[in-house]
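One file, target.tsv, carrying TSV, C-alpha atoms:
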```tsv
chain	number	residue	atom	x	y	z
A	21	MET	CA	-10.60	-12.82	9.69
A	22	ASN	CA	-7.73	-14.11	11.73
A	23	ALA	CA	-4.25	-12.62	11.57
A	24	SER	CA	-2.90	-16.13	12.12
A	25	LEU	CA	-3.78	-16.81	8.48
A	26	LEU	CA	-0.70	-14.78	7.65
A	27	ALA	CA	1.68	-16.63	9.92
A	28	ILE	CA	2.77	-19.27	7.39
A	29	LYS	CA	5.40	-18.29	4.87
A	30	PRO	CA	5.84	-20.13	1.56
A	31	ASP	CA	8.92	-22.36	1.37
A	32	GLN	CA	9.74	-22.10	-2.33
A	33	PRO	CA	9.96	-19.05	-4.60
A	34	SER	CA	7.66	-18.98	-7.63
A	35	PRO	CA	9.68	-18.55	-10.83
A	36	LEU	CA	9.12	-15.77	-13.33
A	37	LYS	CA	6.54	-13.91	-11.30
A	38	GLN	CA	6.30	-10.34	-10.07
A	39	LEU	CA	2.76	-10.24	-8.69
A	40	ASP	CA	0.60	-12.55	-6.65
A	41	GLU	CA	-3.02	-11.60	-5.99
A	42	GLY	CA	-6.13	-13.26	-4.66
A	43	ARG	CA	-9.34	-12.94	-2.68
A	44	ASP	CA	-7.98	-14.56	0.46
A	45	PRO	CA	-5.78	-12.54	2.85
A	46	SER	CA	-3.29	-15.40	3.01
A	47	VAL	CA	-2.09	-14.30	-0.44
A	48	LEU	CA	-0.07	-11.63	1.35
A	49	THR	CA	2.33	-14.30	2.62
A	50	SER	CA	3.59	-14.68	-0.94
A	51	ILE	CA	5.57	-11.45	-0.51
A	52	TYR	CA	8.25	-13.75	0.94
A	53	ASP	CA	8.66	-15.26	-2.53
A	54	GLU	CA	12.01	-13.87	-3.68
A	55	ALA	CA	10.72	-13.44	-7.26
A	56	LEU	CA	7.81	-11.18	-6.24
A	57	ASN	CA	7.79	-7.48	-5.42
A	58	ILE	CA	4.04	-7.02	-4.97
A	59	ALA	CA	1.30	-9.07	-3.31
A	60	VAL	CA	-2.33	-7.96	-3.39
A	61	TRP	CA	-5.27	-9.08	-1.30
A	62	GLN	CA	-8.20	-8.17	-3.54
A	63	ARG	CA	-11.16	-7.19	-1.41
A	64	THR	CA	-14.36	-5.22	-1.78
A	65	LEU	CA	-15.17	-2.71	0.95
A	66	PRO	CA	-18.64	-3.11	2.43
A	67	PRO	CA	-21.12	-0.34	1.43
A	68	ASN	CA	-21.42	1.02	4.98
A	69	LEU	CA	-17.65	1.46	5.22
A	70	LYS	CA	-17.48	3.20	1.83
A	71	GLN	CA	-20.27	5.56	2.90
A	72	LEU	CA	-18.67	6.50	6.20
A	73	VAL	CA	-15.31	7.05	4.48
A	74	ALA	CA	-16.98	9.40	1.99
A	75	SER	CA	-18.59	11.33	4.85
A	76	PHE	CA	-15.31	11.49	6.75
A	77	VAL	CA	-13.35	12.73	3.73
A	78	GLU	CA	-15.98	15.36	2.94
A	79	ALA	CA	-15.89	16.64	6.51
A	80	ASN	CA	-12.08	16.44	6.81
A	81	PRO	CA	-10.62	17.37	3.39
A	82	THR	CA	-7.13	18.10	4.78
A	83	PHE	CA	-6.91	15.29	7.34
A	84	GLN	CA	-3.56	13.62	7.87
A	85	THR	CA	-1.98	11.75	10.72
A	86	SER	CA	1.22	9.81	11.26
A	87	VAL	CA	1.56	7.68	14.39
A	88	THR	CA	3.47	4.67	15.68
A	89	VAL	CA	1.15	1.93	16.89
A	90	THR	CA	1.16	-1.65	18.16
A	91	PRO	CA	-1.53	-4.25	17.60
A	92	ASN	CA	-2.69	-3.66	21.17
A	93	ASN	CA	-2.98	0.13	21.02
A	94	ALA	CA	-3.88	0.68	17.36
A	95	LEU	CA	-7.63	0.97	17.95
A	96	PRO	CA	-7.51	3.46	20.86
A	97	SER	CA	-4.82	5.44	19.01
A	98	LEU	CA	-7.07	5.64	15.95
A	99	PHE	CA	-10.00	6.75	18.10
A	100	ASP	CA	-7.76	9.53	19.44
A	101	GLU	CA	-6.86	10.60	15.89
A	102	LEU	CA	-10.23	10.13	14.18
A	103	GLY	CA	-12.60	10.79	17.06
A	104	LYS	CA	-14.47	8.03	18.89
A	105	ILE	CA	-17.83	8.31	17.17
A	106	ASP	CA	-20.04	5.55	15.82
A	107	VAL	CA	-19.48	6.33	12.14
A	108	ILE	CA	-15.70	6.14	12.55
A	109	THR	CA	-15.61	2.85	14.45
A	110	PRO	CA	-15.77	0.52	11.37
A	111	LEU	CA	-12.90	2.39	9.70
A	112	ALA	CA	-10.78	2.36	12.85
A	113	LYS	CA	-11.45	-1.36	13.35
A	114	ASP	CA	-10.51	-2.15	9.76
A	115	ILE	CA	-7.23	-0.26	10.04
A	116	ALA	CA	-6.45	-1.86	13.42
A	117	GLN	CA	-6.98	-5.28	11.86
A	118	LEU	CA	-4.52	-4.45	9.08
A	119	VAL	CA	-1.99	-3.34	11.71
A	120	ASP	CA	-2.40	-6.69	13.47
A	121	MET	CA	-1.98	-8.62	10.20
A	122	PHE	CA	1.08	-6.60	9.15
A	123	CYS	CA	2.79	-7.07	12.53
A	124	CYS	CA	1.99	-10.79	12.49
A	125	LEU	CA	3.30	-11.32	8.98
A	126	PHE	CA	6.58	-9.49	9.53
A	127	GLU	CA	7.05	-10.21	13.25
A	128	GLN	CA	6.98	-6.51	14.10
A	129	GLU	CA	6.10	-5.18	17.55
A	130	ARG	CA	5.02	-1.78	16.18
A	131	VAL	CA	4.50	-0.05	12.85
A	132	GLY	CA	4.46	3.44	11.45
A	133	LEU	CA	0.90	4.28	10.38
A	134	ARG	CA	0.02	7.13	8.03
A	135	LEU	CA	-3.56	7.99	7.07
A	136	THR	CA	-4.01	10.90	4.68
A	137	VAL	CA	-6.71	12.61	2.65
A	138	LEU	CA	-5.13	13.61	-0.66
A	139	SER	CA	-6.54	15.95	-3.28
A	140	HIS	CA	-3.45	15.73	-5.48
A	141	ALA	CA	-0.82	13.16	-6.41
A	142	MET	CA	1.51	12.89	-3.40
A	143	CYS	CA	4.24	11.16	-5.45
A	144	PRO	CA	3.38	11.90	-9.11
A	145	ARG	CA	6.53	10.37	-10.64
A	146	PHE	CA	7.25	6.67	-10.72
A	147	HIS	CA	9.74	5.73	-8.02
A	148	VAL	CA	10.86	2.96	-5.67
A	149	ASP	CA	10.75	3.14	-1.88
A	150	ARG	CA	13.82	2.73	0.29
A	151	VAL	CA	11.97	0.57	2.80
A	152	PRO	CA	11.84	-3.19	3.31
A	153	CYS	CA	8.12	-3.46	2.59
A	154	ARG	CA	5.12	-1.12	2.74
A	155	LEU	CA	1.43	-1.89	3.07
A	156	VAL	CA	-0.74	0.39	0.94
A	157	THR	CA	-4.52	0.53	0.71
A	158	THR	CA	-6.87	3.17	-0.69
A	159	TYR	CA	-10.24	3.59	1.00
A	160	GLN	CA	-11.56	6.16	-1.47
A	161	GLY	CA	-10.52	7.53	-4.85
A	162	PRO	CA	-8.15	6.15	-7.49
A	163	ALA	CA	-5.58	3.71	-6.15
A	164	THR	CA	-1.82	3.37	-6.58
A	165	GLU	CA	-0.34	2.77	-10.04
A	166	TRP	CA	2.64	0.47	-10.58
A	167	LEU	CA	4.84	-0.82	-13.38
A	168	THR	CA	5.55	-4.34	-14.50
A	169	ASN	CA	9.20	-5.36	-14.52
A	170	VAL	CA	8.96	-6.40	-18.17
A	171	ALA	CA	9.82	-3.56	-20.57
A	172	THR	CA	10.85	-1.23	-17.74
A	173	ASP	CA	14.19	0.59	-17.81
A	174	ARG	CA	15.17	1.26	-14.18
A	175	SER	CA	18.06	3.49	-15.24
A	176	MET	CA	15.43	6.16	-15.96
A	177	LEU	CA	14.37	6.38	-12.33
A	178	GLY	CA	15.44	9.36	-10.22
A	179	HIS	CA	17.82	11.70	-12.01
A	180	GLY	CA	18.13	9.22	-14.86
A	181	HIS	CA	15.07	10.70	-16.54
A	182	GLY	CA	17.09	13.81	-17.46
A	183	GLY	CA	14.17	16.12	-16.70
A	184	LEU	CA	11.79	14.34	-19.07
A	185	PRO	CA	8.35	13.22	-17.89
A	186	ASP	CA	8.03	9.51	-17.23
A	187	HIS	CA	6.05	8.83	-20.39
A	188	GLU	CA	8.84	10.38	-22.50
A	189	SER	CA	11.95	9.27	-20.63
A	190	GLY	CA	11.90	5.64	-21.73
A	191	LEU	CA	11.16	4.37	-18.21
A	192	TYR	CA	8.42	2.14	-19.55
A	193	ALA	CA	7.61	0.85	-23.01
A	194	GLY	CA	3.97	1.95	-23.19
A	195	SER	CA	0.83	2.65	-21.24
A	196	ASP	CA	0.02	-1.06	-21.12
A	197	SER	CA	2.96	-1.44	-18.71
A	198	ILE	CA	1.05	0.61	-16.11
A	199	GLN	CA	-1.07	-1.39	-13.68
A	200	GLN	CA	-3.43	0.02	-11.07
A	201	LEU	CA	-4.75	-1.25	-7.78
A	202	THR	CA	-8.44	-1.00	-6.88
A	203	VAL	CA	-10.15	0.70	-3.94
A	204	GLY	CA	-10.10	-1.71	-1.02
A	205	ASP	CA	-7.13	-3.74	-2.26
A	206	VAL	CA	-4.54	-4.38	0.44
A	207	SER	CA	-1.13	-4.46	-1.21
A	208	LEU	CA	2.38	-5.16	0.00
A	209	LEU	CA	5.01	-3.31	-2.00
A	210	LYS	CA	8.52	-4.71	-1.62
A	211	GLY	CA	11.13	-1.95	-1.43
A	212	GLU	CA	14.84	-1.58	-2.02
A	213	LEU	CA	15.77	-2.40	1.59
A	214	TRP	CA	14.22	-5.86	1.56
A	215	GLU	CA	17.16	-8.25	1.86
A	216	GLY	CA	18.13	-9.50	-1.59
A	217	ASN	CA	15.80	-7.08	-3.38
A	218	GLU	CA	18.26	-4.30	-4.14
A	219	GLY	CA	17.53	-2.90	-7.60
A	220	ALA	CA	14.15	-4.64	-7.73
A	221	GLY	CA	11.86	-2.52	-5.53
A	222	LEU	CA	8.35	-2.09	-6.91
A	223	ILE	CA	8.11	0.93	-9.22
A	224	HIS	CA	4.95	2.87	-8.39
A	225	ARG	CA	3.35	6.31	-8.15
A	226	SER	CA	0.30	8.18	-6.89
A	227	PRO	CA	-2.42	8.50	-9.54
A	228	SER	CA	-3.44	11.84	-10.98
A	229	THR	CA	-6.83	12.78	-9.58
A	230	ASP	CA	-9.25	15.64	-9.14
A	231	SER	CA	-11.23	13.76	-6.49
A	232	PRO	CA	-10.03	13.24	-2.91
A	233	ARG	CA	-8.41	9.98	-1.87
A	234	LEU	CA	-8.09	8.38	1.55
A	235	LEU	CA	-4.78	6.51	1.66
A	236	LEU	CA	-3.38	4.28	4.40
A	237	THR	CA	0.24	3.12	4.57
A	238	LEU	CA	1.98	0.92	7.12
A	239	ASP	CA	5.77	0.72	7.46
A	240	PHE	CA	8.31	-1.15	9.54
A	241	ASN	CA	9.28	0.80	12.65
A	242	SER	CA	12.96	0.24	13.35
```
With the file now loaded, output its structure as structure tokens.
Amino acid sequence: MNASLLAIKPDQPSPLKQLDEGRDPSVLTSIYDEALNIAVWQRTLPPNLKQLVASFVEANPTFQTSVTVTPNNALPSLFDELGKIDVITPLAKDIAQLVDMFCCLFEQERVGLRLTVLSHAMCPRFHVDRVPCRLVTTYQGPATEWLTNVATDRSMLGHGHGGLPDHESGLYAGSDSIQQLTVGDVSLLKGELWEGNEGAGLIHRSPSTDSPRLLLTLDFNS
């Protein structure tokens, strides 16, 4: 897979859309569509990668790291964090490739990388991120949940919920408004700081889970 696939940005916005998804990584370029706030590259992790991730999570149930990397130093930095052993190499290479793609797509020299094993919901309430755009992918466990714009009342975000849980506050009309990503999906979540996207950042949350997750996020590094 070549990061250059992500170098071309669409010229025209697609009307009346929130999500674009597909099996080709070039779908991620659609995040530049002003009408979208989420783009998802739907992919299936190879069995060997899923197995090594399961072994890594079992051996490192509290693992977490947060580093700033460039496309050139991402792989050695990940070896430093994860340990340069054969079973880790496919995971480190996959993450390094995502770093390269993210930097290419957004013309970034470096990114903030966070890789975390989670045994609980890190952000259990629906919220929006005050970032331009964030890459999110789950290597193991239930993946990120998000809300459609239709039938969503953004005034109930933050303190607007008045102390009520999300499902009682009126934030969303019903459970059918809740969407969920799949393990392996690479998603771009447009935030509140994307130019022209104020008040339209993707509403999302961590899923409730009793099983450990391995979550990767990439952010702009200003």
Identify which of the residues A:Arg174, A:Arg154, A:Arg130, A:His140 lies closest to Ala116 in chain A, counting only C-alpha atoms when measuring atom-to-atom distances.
A:Arg130
What are the nearest atom pairs, with distances in Å to one decimal, for all residues of range 80-143 of chain A that come at most 9 Å from range 224-234 of chain A, using all atoms listed in the file, set out by chain and rising residue number as CSV?
```
residue,atom,partner,partner_atom,distance
A:Pro81,CA,A:Pro232,CA,7.6
A:Leu135,CA,A:Leu234,CA,7.2
A:Thr136,CA,A:Leu234,CA,5.7
A:Val137,CA,A:Leu234,CA,4.6
A:Leu138,CA,A:Arg233,CA,5.0
A:Ser139,CA,A:Pro232,CA,4.4
A:His140,CA,A:Thr229,CA,6.1
A:Ala141,CA,A:Ser226,CA,5.1
A:Met142,CA,A:Ser226,CA,6.0
A:Cys143,CA,A:Ser226,CA,5.1
```
Shortest interatomic distance to Asp149 in chain A - which of A:Tyr192, A:Gly178, A:Leu98, A:Pro110, counting all atoms listed in the file
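Of A:Tyr192, A:Gly178, A:Leu98, A:Pro110, the one nearest Asp149 in chain A is A:Gly178, counting all atoms listed in the file.
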Expected residue set, 12 Å radius at (-20.0, 0.5, 2.5), all atoms listed in the file, as a PyMOL selection string:
chain A and resi 64-75+107+110-111+159-160+203-204
Using all atoms listed in the file, which protein or nucleic acid residues come within 6 Å of Thr237 in chain A? Drop anything in the same chain fewer than 2 positions from it, and give the result as a list in words.
Leu133, Arg134, Leu155 and Val156 of chain A
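One finds CA of Gln199 in chain A at 5.9 Å from CA of Leu167 in chain A.
The space separating CA of Asn57 in chain A from CA of Arg150 in chain A comes to 13.2 Å.
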Skipping near chain neighbours, those fewer than 3 positions away, what residues fall within 12 Å of Thr90 in chain A using only C-alpha atoms, listed as a list in words?
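In the requested form, the answer reads Val87, Asn93, Ala94, Leu95, Pro96, Ser97, Leu98, Ile115, Ala116, Gln117, Leu118, Val119, Asp120, Met121, Phe122, Cys123, Cys124, Glu127, Gln128, Glu129, Arg130, Val131, Gly132, Leu133, Leu238, Asp239, Phe240 and Asn241 of chain A.
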Output file for the selection above: C-alpha atoms, as a PDB file, keeping the file's coordinate frame:
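In the end it all went to again11.pdb:
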```
ATOM      1  CA  VAL A  87       1.560   7.680  14.390  1.00  0.00           C
ATOM      2  CA  ASN A  93      -2.980   0.130  21.020  1.00  0.00           C
ATOM      3  CA  ALA A  94      -3.880   0.680  17.360  1.00  0.00           C
ATOM      4  CA  LEU A  95      -7.630   0.970  17.950  1.00  0.00           C
ATOM      5  CA  PRO A  96      -7.510   3.460  20.860  1.00  0.00           C
ATOM      6  CA  SER A  97      -4.820   5.440  19.010  1.00  0.00           C
ATOM      7  CA  LEU A  98      -7.070   5.640  15.950  1.00  0.00           C
ATOM      8  CA  ILE A 115      -7.230  -0.260  10.040  1.00  0.00           C
ATOM      9  CA  ALA A 116      -6.450  -1.860  13.420  1.00  0.00           C
ATOM     10  CA  GLN A 117      -6.980  -5.280  11.860  1.00  0.00           C
ATOM     11  CA  LEU A 118      -4.520  -4.450   9.080  1.00  0.00           C
ATOM     12  CA  VAL A 119      -1.990  -3.340  11.710  1.00  0.00           C
ATOM     13  CA  ASP A 120      -2.400  -6.690  13.470  1.00  0.00           C
ATOM     14  CA  MET A 121      -1.980  -8.620  10.200  1.00  0.00           C
ATOM     15  CA  PHE A 122       1.080  -6.600   9.150  1.00  0.00           C
ATOM     16  CA  CYS A 123       2.790  -7.070  12.530  1.00  0.00           C
ATOM     17  CA  CYS A 124       1.990 -10.790  12.490  1.00  0.00           C
ATOM     18  CA  GLU A 127       7.050 -10.210  13.250  1.00  0.00           C
ATOM     19  CA  GLN A 128       6.980  -6.510  14.100  1.00  0.00           C
ATOM     20  CA  GLU A 129       6.100  -5.180  17.550  1.00  0.00           C
ATOM     21  CA  ARG A 130       5.020  -1.780  16.180  1.00  0.00           C
ATOM     22  CA  VAL A 131       4.500  -0.050  12.850  1.00  0.00           C
ATOM     23  CA  GLY A 132       4.460   3.440  11.450  1.00  0.00           C
ATOM     24  CA  LEU A 133       0.900   4.280  10.380  1.00  0.00           C
ATOM     25  CA  LEU A 238       1.980   0.920   7.120  1.00  0.00           C
ATOM     26  CA  ASP A 239       5.770   0.720   7.460  1.00  0.00           C
ATOM     27  CA  PHE A 240       8.310  -1.150   9.540  1.00  0.00           C
ATOM     28  CA  ASN A 241       9.280   0.800  12.650  1.00  0.00           C
TER      29      ASN A 241
END
```
Please, what distance in Å, to one decimal, runs between CA of Ala163 in chain A and CA of Met176 in chain A?
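If I compute the distance from CA of Ala163 in chain A to CA of Met176 in chain A, I get 23.3 Å.
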Choose the residue, out of A:Ser46, A:Thr158, A:Thr82, A:Ser197, that has the smallest atom-to-atom separation from Asp173 in chain A; count all atoms listed in the file.
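Residue with the minimum atom-to-atom distance to Asp173 in chain A: A:Ser197.
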Between A:Gly182, A:Gly42, A:Pro162, A:Gly221, which one has atoms that come closest to Leu201 in chain A, using all atoms listed in the file?
A:Pro162
Quick one: residues within 7 Å of (11.0, -1.9, -10.1) (file frame), counting all atoms listed in the file, please, as a ChimeraX atom specification.
/A:148,169,174,220-223
Name all residues at most 7 Å from range 59-63 of chain A (count all atoms listed in the file; drop same-chain ones fewer than 5 positions away) and give them as a list of chain:residue names.
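With the cut-off at 7 Å, the set is A:Leu39, A:Asp40, A:Glu41, A:Gly42, A:Arg43, A:Asp44, A:Pro45, A:Val47, A:Leu48, A:Ser50, A:Ile51, A:Gly204, A:Asp205, A:Val206, A:Ser207, A:Leu208, A:Leu209.
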